Structures are given as C-alpha cells and as structure tokens.
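Q: After the structure tokens below, expect a handful of questions from me.
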Amino acid sequence: MDAPTVSIIILNWNGLDDTIECLGSLKKIAHASYQVVVVDNCSDGDDAEALKRQFDGYIHLIRNERNHGCSEGYNTGIRYVLENFSCDYILLMNNDVVVDPEFLHQLVEVAESHEQIGIVGPKVYYYDYHGRKDVVWSAGGRVRWWAPKIPRQLGKNAMHSNRRESPVAVDWISGAVFLFKRRLAEEIGLLDPRYFFGHEDVDYCLRAKKRGYKTMYVPSATVWHKVGVSARKAHITYADPAAYYHFVKQCFPLPVYLYQLLIFPALLSRWAILFLKENRDRHTLWMFLKGFTGFVLHEPRRSCYQKRT
C-alpha cells in the first residue's frame, strides 16, 4: 500500500538560517511520499532567492508581495496545495523547527488509525533550554472556559521521560507543527486570517471539533522548536488583546466572553509585568499598544476566509 501523501508548508519571514536548518532536517525524514512548499512572507532581504538556489528541485517556492501574518501566510500555501497536489494531509510547520526523521511517519500512522481523527501534533521540545534538548515545550493543550487564560499548554518545561506514552486526545495542538487531513480544509475552510500571530491553531482545532473531528497528541513523534524566535523578529508578544478577545468571542458563548472582559484589567496588569520582565523592547511595546487601541476602539478585523462554522 502506498504511503499517504503529505504536503508540508513552511512559512519564512526574515528567517533564512532557521529555514535552511529546518529544510535540512526534513530531507532526512523517513516518510516516503511528501512535497515541501515554502511561503516567503515578503522577507526584507533575498531569502526567497537564497532558498531557491539551495533547495531548487526539493521545494515549491511561493513569494508573497507583503507580510500577511501567520494565518494568511499559511493560507497562501494551503490554497496552492489544494489547487496543485492530490495530497492526503497538510502539515503546517514553523521555519524554526527541527524534526526527528521518524516524526512524520508517526503522525500519519496515528491520523490513519481512525476516520474521525482530523488533526495530530508531536511532542515539541525546546531547541535549546539552557543547553538541554530534552525539555518539553508543548504536549498539546486543553481549553478551560472559566480560567483567566482559556488555552492551556500541556507539558511545558517537563523533563523527558523514557516511559512509553500513547497518543491521547487533546483540545488543541500547537501550530509549531500541525498535521491535518486535507478534507478538513475542504470542509471547514482555511485558517482565520484575522489572527496575525497566535490563536489560529486553537481556533482551528475547536472548529474541527464542532464538526466531529478529534485532535490527537502523538508523543512518539518529536521535534525541536526555537521558541519565541518568530515573535521576537516581528516584535509581537502573546500580549495581543485584540487577537485574544477576538478568539474568545468567536469560539465561546457570550457569558465566557463577558467574563473575560470583566477580568481584563487583571490580564492587562499581568501582561505589563511580563513585558517588563522579558521584553523591554520599544517596538514590541508599540505593537502591543497598537493592538490594545484597536481592541478598545473595536476596529474591525479583516475576514476573507471561507466556510467558517
């Protein structure tokens, strides 16, 4: 039996060295049938040309004329895949990820095990956690309706264990590495482009769940993620109230949204403390204030994707 075909989509923006390392690790994977699409999200330099020279014949290269953000940048690749390839699966992957050679085989094996498994994701380690590579960054996630922060990432900062772990159903998978069945895109549409950076992964998993699909965490599939690299380049932090409250309003009942509005001052204080501790970057502060102003003034967010359910 032929192996299911996977279209891998990588989004690059001013991250040439990381993308080269990512592609180098992909060239070693054991899965027999896949193609790689690299979407250059309007990098400032000559990233696209450099990637074309080094990986010509291995990648399909798309050049965006402007930086569309994470969701719409990936959507460019998804549309290309749906139009040009008869793949069974689509894999979205950050360019700052390095993969284990067996990771894709492990993900596809679990996805193929049940008709209603729509999305799967690997165990994501920190690429470098104070010199260690065996510290977990993400083991899937849960959703807690009445918690101060609704999406909760599981396994963060846990040490690697040799004990055998089995795939387990979760509420969402990190968008760092995100495999889903092609028919999912055909049924529920693309990523919501109103998320410039962050929350698009949780949103998509919840939309899939509404259609009866399961999301599975696969601990036997492993990758390493340079956590925070993309956000720092874009001067964006998780402290984006406009994106977060759009996510809450889209995905949860009105009482949950109103509750989140009530605790907004507390969240704002927490974000301010984290900024002072971790960022202290003027551009990052400006991006946050811009997002905060848009949230307060209820500025409309762009919506151009189909089949929202």
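Residue numbering restarts at 1 for every chain of the structure tokens, chains are lettered A, B, ... in their displayed order, and ligands are numbered from 1 as they appear.
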Identify, on the basis of only C-alpha atoms, every residue whose closest approach to Tyr245 (chain A) does not exceed 10 Å; exclude the query and any residue fewer than 2 positions from it along the same chain; express the result as a compact mmCIF listing (two decimals) with N, CA and C atoms, in the first residue's frame.

A:
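Result file out-v3.txt:
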```txt
# COMPACT_ATOMS: atom_id res chain seq x y z
N ASP A 240 -1.54 40.29 23.04
CA ASP A 240 -2.29 40.95 21.97
C ASP A 240 -3.77 40.85 22.33
N PRO A 241 -4.30 41.84 23.03
CA PRO A 241 -5.68 41.73 23.49
C PRO A 241 -6.69 41.63 22.37
N ALA A 242 -6.43 42.31 21.25
CA ALA A 242 -7.38 42.26 20.14
C ALA A 242 -7.51 40.83 19.62
N ALA A 243 -6.37 40.16 19.44
CA ALA A 243 -6.41 38.78 18.94
C ALA A 243 -7.04 37.84 19.95
N PHE A 247 -10.58 35.80 19.54
CA PHE A 247 -10.62 34.36 19.70
C PHE A 247 -11.73 33.94 20.66
N VAL A 248 -11.81 34.61 21.81
CA VAL A 248 -12.82 34.25 22.80
C VAL A 248 -14.23 34.48 22.24
N LYS A 249 -14.41 35.61 21.59
CA LYS A 249 -15.73 35.96 21.05
C LYS A 249 -16.15 34.99 19.96
N GLN A 250 -15.20 34.54 19.13
CA GLN A 250 -15.52 33.65 18.03
C GLN A 250 -15.83 32.23 18.49
N CYS A 251 -15.14 31.78 19.54
CA CYS A 251 -15.14 30.35 19.86
C CYS A 251 -15.98 29.96 21.07
N TYR A 257 -17.25 35.24 27.13
CA TYR A 257 -16.67 36.47 26.61
C TYR A 257 -16.83 37.61 27.61
N GLN A 260 -14.44 37.21 30.48
CA GLN A 260 -13.09 37.60 30.10
C GLN A 260 -12.94 39.12 30.07
N LEU A 261 -13.98 39.82 29.64
CA LEU A 261 -13.93 41.28 29.66
C LEU A 261 -13.84 41.81 31.09
N PHE A 264 -10.36 41.66 32.38
CA PHE A 264 -9.38 42.27 31.50
C PHE A 264 -8.34 43.11 32.25
N PHE A 295 -8.36 47.09 19.97
CA PHE A 295 -9.33 46.35 20.77
C PHE A 295 -10.31 47.29 21.45
```

Q: Taking into account only C-alpha atoms, which residue in the set A:Ile263, A:Ile150, A:Val97, A:Leu11 is nearest to Trp172 (chain A)?

A: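 Of A:Ile263, A:Ile150, A:Val97, A:Leu11, the one nearest Trp172 (chain A) is A:Ile150, counting only C-alpha atoms.
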
Q: Within 8 Å of region 99-109 of chain A, which residues of region 13-33 of chain A come that close, and what is the closest atom pair and distance in Å for each? Count only C-alpha atoms and give it as a tab-separated table.

A:
```
residue	atom	partner	partner_atom	distance
A:Cys22	CA	A:Val99	CA	7.4
A:Ser25	CA	A:Val99	CA	5.8
A:Leu26	CA	A:Val99	CA	6.6
A:Lys28	CA	A:Pro101	CA	5.6
A:Ile29	CA	A:Pro101	CA	3.9
A:Ala30	CA	A:Pro101	CA	5.6
A:His31	CA	A:His105	CA	5.4
```

Q: Do you know which residues are at most 10 Å from Thr19 (chain A) counting only C-alpha atoms, after dropping those on the same chain fewer than 2 positions away, and could you put them as a list in words?

A: Ile10, Leu11, Asn12, Trp13, Asn14, Gly15, Leu16, Asp17, Glu21, Cys22, Leu23, Gly24, Ser25, Val38, Asp47, Leu51, Asn94, Asn95, Asp96, Val97 and Val98 of chain A

Q: Could you pull out the alpha helix (DSSP H) residues of region 63-273 of chain A from DSSP and send them as a ChimeraX atom specification?

A: /A:69-84,103-112,182-188,200-210,229-234,241-251,254-262,264-273

Q: Could you jot down the CA of Met93 (chain A) to CA of Arg270 (chain A) separation for me, Å, one decimal place?

A: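 It comes out at 29.5 Å.
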
Q: Ranking A:Tyr126, A:Tyr74, A:Phe55, A:Tyr213 by minimum distance to His114 (chain A) and counting only C-alpha atoms, which one comes first?

A: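 Ranking A:Tyr126, A:Tyr74, A:Phe55, A:Tyr213 by distance to His114 (chain A), first place goes to A:Tyr213.
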
Q: Between CA of Trp145 (chain A) and CA of Phe252 (chain A), what is the distance in Å, rounded to a tenth?

A: 7.8 Å

Q: At a cut-off of 9 Å, using only C-alpha atoms, what residues contact Gly212 (chain A)? Leave out same-chain residues fewer than 2 positions from it and give the result as JSON, numbers by chain.

A: {"A": [116, 117, 118, 208, 209, 210, 214]}

Q: From a DSSP calculation on the backbone, collect every residue of region 147-186 of chain A in strand (DSSP E) and output the set as a list in words.

A: Pro151, Arg152, Gln153, Val168, Ala169, Val170, Val177, Phe178, Leu179, Phe180 and Lys181 of chain A

Q: Ranking A:Cys87, A:Leu82, A:Val143, A:His225 by minimum distance to Pro122 (chain A) and counting only C-alpha atoms, which one comes first?

A: A:His225

Q: Which of these, A:Pro255, A:Gly189, A:Pro219, A:Gly131, has the shortest distance to Glu165 (chain A) once you count only C-alpha atoms?

A: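 Nearest to Glu165 (chain A): A:Pro219.
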
Q: Find the spatial neighbours of Tyr129 (chain A), counting only C-alpha atoms, within a cut-off of 10 Å - ignore same-chain residues fewer than 4 positions away - and output them as a count of residues only.

A: 9

Q: Which residues are near Val124 (chain A)? Cut-off 9 Å, only C-alpha atoms, ignore same chain within fewer than 3 positions. Put them as a ChimeraX atom specification.

A: /A:121,127,135-140,174,176-177,219,221-225

Q: Let me see the file: selected residues, C-alpha atoms, as a PDB file, in the first residue's frame.

A:
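Output below, filename again.pdb:
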```pdb
ATOM      1  CA  GLY A 121       0.667  17.006  16.566  1.00  0.00           C
ATOM      2  CA  TYR A 127      15.534  23.568  20.716  1.00  0.00           C
ATOM      3  CA  VAL A 135      12.805  19.664  27.971  1.00  0.00           C
ATOM      4  CA  VAL A 136       9.241  19.683  26.667  1.00  0.00           C
ATOM      5  CA  TRP A 137       7.681  22.901  25.402  1.00  0.00           C
ATOM      6  CA  SER A 138       4.302  21.533  24.290  1.00  0.00           C
ATOM      7  CA  ALA A 139       2.385  18.284  24.671  1.00  0.00           C
ATOM      8  CA  GLY A 140      -0.863  19.529  23.215  1.00  0.00           C
ATOM      9  CA  SER A 174       0.454  23.890  18.806  1.00  0.00           C
ATOM     10  CA  ALA A 176       4.516  24.929  15.531  1.00  0.00           C
ATOM     11  CA  VAL A 177       3.847  21.541  13.885  1.00  0.00           C
ATOM     12  CA  PRO A 219       4.304  11.717  21.951  1.00  0.00           C
ATOM     13  CA  ALA A 221       6.654  11.986  17.159  1.00  0.00           C
ATOM     14  CA  THR A 222       9.274  14.511  18.271  1.00  0.00           C
ATOM     15  CA  VAL A 223      10.516  17.889  17.057  1.00  0.00           C
ATOM     16  CA  TRP A 224      12.587  20.747  18.486  1.00  0.00           C
ATOM     17  CA  HIS A 225      11.317  24.338  18.380  1.00  0.00           C
TER      18      HIS A 225
END
```

Q: Just to confirm, what's the straight-line distance from CA of Val168 (chain A) to CA of His199 (chain A) in Å (one decimal)?

A: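 Answer for the CA of Val168 (chain A) to CA of His199 (chain A) separation: 21.3 Å.
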
Q: Using only C-alpha atoms, which of the listed residues (A:Leu92, A:Ile20, A:Val120, A:Leu179) sits closest to Asn75 (chain A)?

A: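 Answer, going by the shortest atom-to-atom distance: A:Leu92.
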
Q: Counting only C-alpha atoms, which of A:Ser71, A:Gln153, A:Ser86, A:Asn41 gets nearest to Arg183 (chain A)?

A: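 Comparing A:Ser71, A:Gln153, A:Ser86, A:Asn41 against Arg183 (chain A), the winner is A:Ser86.
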